[in-house]
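To keep things clear, I will list the structure first and then write my remarks on it.
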Amino acid sequence: MSAATAPAPTITDHEAEQVARANASSSAPVVFVHGLWLLPSSWERWAAFFEEAGYVAVTPGWPDDPATVEEARANPEVFAGKGIGEIADYQEGIIRRLERKPVVIGHSFGGLLTMILAGRGLAAASVAISPAPFRGVLPLPISALRAASAALRNPANWNRAVPLSFEQFRYSFANAVDEDEAKELYLGYSVAGPGEPLFQAAAANFNPWSEAKVDTKNPERGPMLIVSADTDHTVPWAIANASYKKQQKNEGATEIVKMKGRGHALTIDKGWREVAETALAFVRRFA
């Protein structure tokens with residue numbers, strides 16, 4: 001992998017340890033990119049699953065991510081002021097420390113970041129799960145607007161950390177699970193997130209310089225799978241399918257699957273393994 005032209009951002013000791021472990025391994029690395037309102041801990045079961053399958057996992061955070069959900073709730077303002085470009089560059093800095101080009105798997109805004117990173121030629125293969133929309137993706141279903149309204153309803157939230165209430169989480173993430181599981185997921189995973197990425201994605205089609213932009217034509221993009229959840233309020237099928245149609249123009253393999261009876265929490269709810277198995281089956285074909 002070529003060296004970055006700009007100085008690599010400073011990463012955490014934990015991330016540096018994961019990179020060193022991956023570089024010392026003979027296994028192919030898999031980088032898991034979390035989305036808005038979650039932390040790297042949301043990938044713990046996936047990381048173990050992929051390691052059992054013979055890969056080595058790397059679970060980086062976004063810049064300044066707290067180590068735990070408890071720390072994040074005690075200090076939510078640390079999330080404020082992070083934009084898509086800064087987060088993508090941070091992830092790139094970690095990937096460029098790896099000696100082998102990794103598989104990249106991301107969910108929600110992590111799915112958008114996965115597409116950005118793949119578009120920079122940094123992924124051996126990629127899986128974008130319920131990916132947030134990028135410039136050129138036109139559908140904007142009412143449910144997606146409602147899910148994003150937690151931040152978008154107040155312009156001042158651009159520079160703020162925005163938490164989700166349980167009711168907002170229930171609608172945006174946990175609509176396809178029962179009440180008890182929804183509460184368990186909310187308490188176990190939900191943290192505040194920066195408002196800026198939501199505003200950037202919402203305005204992407206009106207801003208030619210938007211950071212919510214993906215190079216879908218780069219021949220170095222690699223194979224890509226897009227995973228959609230059929231009852232997802234936050235990233236409905238219309239958005240995922242429009243992203244697929246844009247990515248399909250790439251010369252690399254591009255596929256899409258729809259998971260039945262699933263919502264936006266498909267990577268963390270009790271059915272996570274089915275999604276992980278779908279991703280693994282695709283990855284095994286290419287990396």
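A note on labels: chains of the structure tokens are A, B, ... as shown, every chain counts residues from 1, and ligands are counted from 1 in their shown order.
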**Study point:** Distance query Gly81 in chain A at most 12 Å, only C-alpha atoms, self and fewer than 6 positions along chain excluded, as a PyMOL selection string
**Key:** chain A and resi 62-64+87+156-162+193-199
Which residues are close to Val137 in chain A, i.e. within 7 Å by only C-alpha atoms, leaving aside same-chain residues fewer than 2 positions away? Reply as a JSON list (two decimals) with all heavy atoms, in the first residue's frame.
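Writing the result to result_17.json gives the following:
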```json
[["chain", "number", "residue", "atom", "x", "y", "z"],
["A", 133, "PRO", "N", -26.63, 7.94, 2.85],
["A", 133, "PRO", "CA", -26.53, 8.36, 1.45],
["A", 133, "PRO", "C", -25.38, 9.31, 1.19],
["A", 133, "PRO", "O", -24.92, 10.02, 2.09],
["A", 133, "PRO", "CB", -27.88, 9.07, 1.22],
["A", 133, "PRO", "CG", -28.29, 9.55, 2.57],
["A", 133, "PRO", "CD", -27.80, 8.51, 3.54],
["A", 134, "PHE", "N", -24.92, 9.30, -0.06],
["A", 134, "PHE", "CA", -23.86, 10.20, -0.48],
["A", 134, "PHE", "C", -24.36, 11.06, -1.64],
["A", 134, "PHE", "O", -25.46, 10.85, -2.16],
["A", 134, "PHE", "CB", -22.59, 9.42, -0.86],
["A", 134, "PHE", "CG", -22.79, 8.36, -1.92],
["A", 134, "PHE", "CD1", -22.66, 8.65, -3.27],
["A", 134, "PHE", "CD2", -23.08, 7.05, -1.55],
["A", 134, "PHE", "CE1", -22.83, 7.67, -4.24],
["A", 134, "PHE", "CE2", -23.25, 6.06, -2.51],
["A", 134, "PHE", "CZ", -23.12, 6.37, -3.86],
["A", 135, "ARG", "N", -23.55, 12.03, -2.05],
["A", 135, "ARG", "CA", -23.93, 12.93, -3.14],
["A", 135, "ARG", "C", -24.25, 12.11, -4.40],
["A", 135, "ARG", "O", -23.47, 11.27, -4.83],
["A", 135, "ARG", "CB", -22.81, 13.92, -3.44],
["A", 135, "ARG", "CG", -23.13, 14.88, -4.58],
["A", 135, "ARG", "CD", -22.09, 15.99, -4.68],
["A", 135, "ARG", "NE", -22.28, 16.74, -5.91],
["A", 135, "ARG", "CZ", -23.19, 17.69, -6.09],
["A", 135, "ARG", "NH1", -23.99, 18.02, -5.10],
["A", 135, "ARG", "NH2", -23.30, 18.32, -7.24],
["A", 139, "PRO", "N", -33.12, 9.54, -3.54],
["A", 139, "PRO", "CA", -34.32, 9.29, -2.73],
["A", 139, "PRO", "C", -34.17, 9.80, -1.31],
["A", 139, "PRO", "O", -33.09, 9.70, -0.71],
["A", 139, "PRO", "CB", -34.43, 7.76, -2.75],
["A", 139, "PRO", "CG", -33.70, 7.33, -3.98],
["A", 139, "PRO", "CD", -32.57, 8.31, -4.12],
["A", 239, "ILE", "N", -32.97, 4.17, -0.54],
["A", 239, "ILE", "CA", -31.64, 4.78, -0.43],
["A", 239, "ILE", "C", -30.56, 3.75, -0.74],
["A", 239, "ILE", "O", -29.64, 4.02, -1.52],
["A", 239, "ILE", "CB", -31.44, 5.38, 0.97],
["A", 239, "ILE", "CG1", -32.34, 6.61, 1.17],
["A", 239, "ILE", "CG2", -29.97, 5.77, 1.19],
["A", 239, "ILE", "CD1", -32.26, 7.23, 2.55],
["A", 242, "ALA", "N", -30.51, 2.95, -4.44],
["A", 242, "ALA", "CA", -29.96, 4.05, -5.23],
["A", 242, "ALA", "C", -28.43, 4.08, -5.10],
["A", 242, "ALA", "O", -27.72, 4.35, -6.08],
["A", 242, "ALA", "CB", -30.56, 5.38, -4.79],
["A", 243, "SER", "N", -27.93, 3.80, -3.90],
["A", 243, "SER", "CA", -26.47, 3.70, -3.71],
["A", 243, "SER", "C", -25.91, 2.56, -4.56],
["A", 243, "SER", "O", -24.85, 2.71, -5.20],
["A", 243, "SER", "CB", -26.15, 3.46, -2.24],
["A", 243, "SER", "OG", -26.57, 4.55, -1.43]]
```
Study note, to complete from the structure: Using only C-alpha atoms, the shortest atom-to-atom distance to Phe50 in chain A among A:Glu277, A:Asp13, A:Asp65, A:Glu220 belongs to A:Glu277
With 6 Å as the cut-off and only C-alpha atoms counted, what is the closest atom pair between each nearby residue of range 136-236 of chain A and range 254-275 of chain A? Distances in Å to one decimal, ordered by chain and number, as a Markdown table.
```
| residue | atom | partner | partner_atom | distance |
| --- | --- | --- | --- | --- |
| A:Phe173 | CA | A:His264 | CA | 4.6 |
| A:Ala174 | CA | A:Ala265 | CA | 5.7 |
| A:Ala176 | CA | A:Gly263 | CA | 5.1 |
| A:Pro223 | CA | A:Thr254 | CA | 5.9 |
| A:Met224 | CA | A:Thr254 | CA | 4.9 |
| A:Leu225 | CA | A:Glu255 | CA | 4.8 |
| A:Ile226 | CA | A:Ile256 | CA | 4.6 |
| A:Val227 | CA | A:Val257 | CA | 5.1 |
| A:Ser228 | CA | A:Lys258 | CA | 4.7 |
| A:Ala229 | CA | A:Met259 | CA | 4.8 |
| A:Asp230 | CA | A:Lys260 | CA | 5.5 |
| A:Thr231 | CA | A:Gly263 | CA | 5.0 |
| A:Asp232 | CA | A:Gly263 | CA | 4.1 |
```
Practice item. From a DSSP pass on the backbone, collect the residues of range 2-230 of chain A flagged as strand (DSSP E or B) and hand them back as an MDAnalysis selection string. Key: chainID A and resid 29:33 56:58 103:107 125:129 161:162 193:194 224:229
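Candidate residues A:Glu44, A:Glu71, A:Asp89, A:Glu51 were compared for distance to Val191 in chain A, and the nearest is A:Glu71, using only C-alpha atoms.
For the choices A:Leu98, A:Thr216, A:Ala279, A:Ser210, the atom-to-atom distance to Ala24 in chain A is smallest for A:Leu98 when using only C-alpha atoms.
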Exercise for review: For CA of Arg96 in chain A and CA of Pro219 in chain A, quote the distance in Å rounded to one decimal.
Suggested key: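 Computing the Euclidean distance for CA of Arg96 in chain A and CA of Pro219 in chain A yields 18.7 Å.
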**Study point:** DSSP helix (DSSP H, G or I) selection over range 192-236 of chain A, as a PyMOL selection string
**Key:** chain A and resi 196-202+204-206
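Pairwise distance (CA of Ala67 in chain A, CA of Phe79 in chain A) equals 12.4 Å.
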Review point. Looking at only C-alpha atoms, which of A:Arg100, A:His233, A:Lys183, A:Lys213 is the one that sits closest to Glu167 in chain A?
Key: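 With only C-alpha atoms as the atom set, the closest residue is A:Lys183.
The protein and nucleic acid residues lying at most 9 Å from Ala147 in chain A are Ile142, Ser143, Ala144, Leu145, Ser149, Ala150, Ala151, Gln168, Phe169, Tyr171, Ser172, Phe173, His233, Thr234 and Val235 of chain A, with only C-alpha atoms considered and sequence neighbours fewer than 2 positions away removed.
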Mind dumping the selected residues with N, CA and C atoms as a compact mmCIF listing (two decimals), in the first residue's frame?
```txt
# COMPACT_ATOMS: atom_id res chain seq x y z
N ILE A 142 -39.66 9.68 3.78
CA ILE A 142 -40.12 10.37 4.97
C ILE A 142 -39.52 9.76 6.24
N SER A 143 -39.43 8.42 6.28
CA SER A 143 -38.90 7.78 7.49
C SER A 143 -37.45 8.18 7.74
N ALA A 144 -36.67 8.34 6.66
CA ALA A 144 -35.27 8.74 6.82
C ALA A 144 -35.17 10.17 7.35
N LEU A 145 -36.04 11.04 6.88
CA LEU A 145 -36.07 12.41 7.38
C LEU A 145 -36.45 12.44 8.86
N SER A 149 -34.15 13.71 11.97
CA SER A 149 -34.65 14.94 12.58
C SER A 149 -34.13 15.15 14.00
N ALA A 150 -33.62 14.10 14.62
CA ALA A 150 -33.03 14.26 15.96
C ALA A 150 -31.97 15.35 15.96
N ALA A 151 -31.26 15.47 14.83
CA ALA A 151 -30.26 16.52 14.69
C ALA A 151 -30.74 17.66 13.82
N GLN A 168 -36.64 7.94 20.13
CA GLN A 168 -35.95 8.16 18.84
C GLN A 168 -35.16 6.93 18.41
N PHE A 169 -34.48 6.30 19.36
CA PHE A 169 -33.72 5.08 19.07
C PHE A 169 -34.66 3.96 18.64
N TYR A 171 -37.47 4.21 17.09
CA TYR A 171 -37.91 4.44 15.72
C TYR A 171 -36.78 4.26 14.72
N SER A 172 -35.63 4.82 15.03
CA SER A 172 -34.54 4.88 14.05
C SER A 172 -33.76 3.57 13.94
N PHE A 173 -33.61 2.86 15.05
CA PHE A 173 -32.79 1.65 15.07
C PHE A 173 -33.60 0.39 15.35
N HIS A 233 -35.96 2.15 8.92
CA HIS A 233 -36.50 3.52 8.84
C HIS A 233 -35.42 4.53 8.48
N THR A 234 -34.19 4.30 8.95
CA THR A 234 -33.12 5.27 8.79
C THR A 234 -32.53 5.25 7.38
N VAL A 235 -32.28 4.05 6.86
CA VAL A 235 -31.77 3.88 5.49
C VAL A 235 -32.69 2.89 4.78
```
Check your understanding: Using only C-alpha atoms, which of A:Ala281, A:Leu39, A:Ala203, A:Ala118 sits nearest Gly188 in chain A?
Key -> A:Leu39
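For the pair CA of Glu92 in chain A and CA of Ser108 in chain A, the separation is 17.7 Å.
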Check your understanding: Nearest to Trp209 in chain A: which of A:Gly85, A:Gly222, A:Pro155, A:Gly61 is it, counting only C-alpha atoms?
Key ->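 Among the listed residues, A:Gly85 lies closest to Trp209 in chain A.
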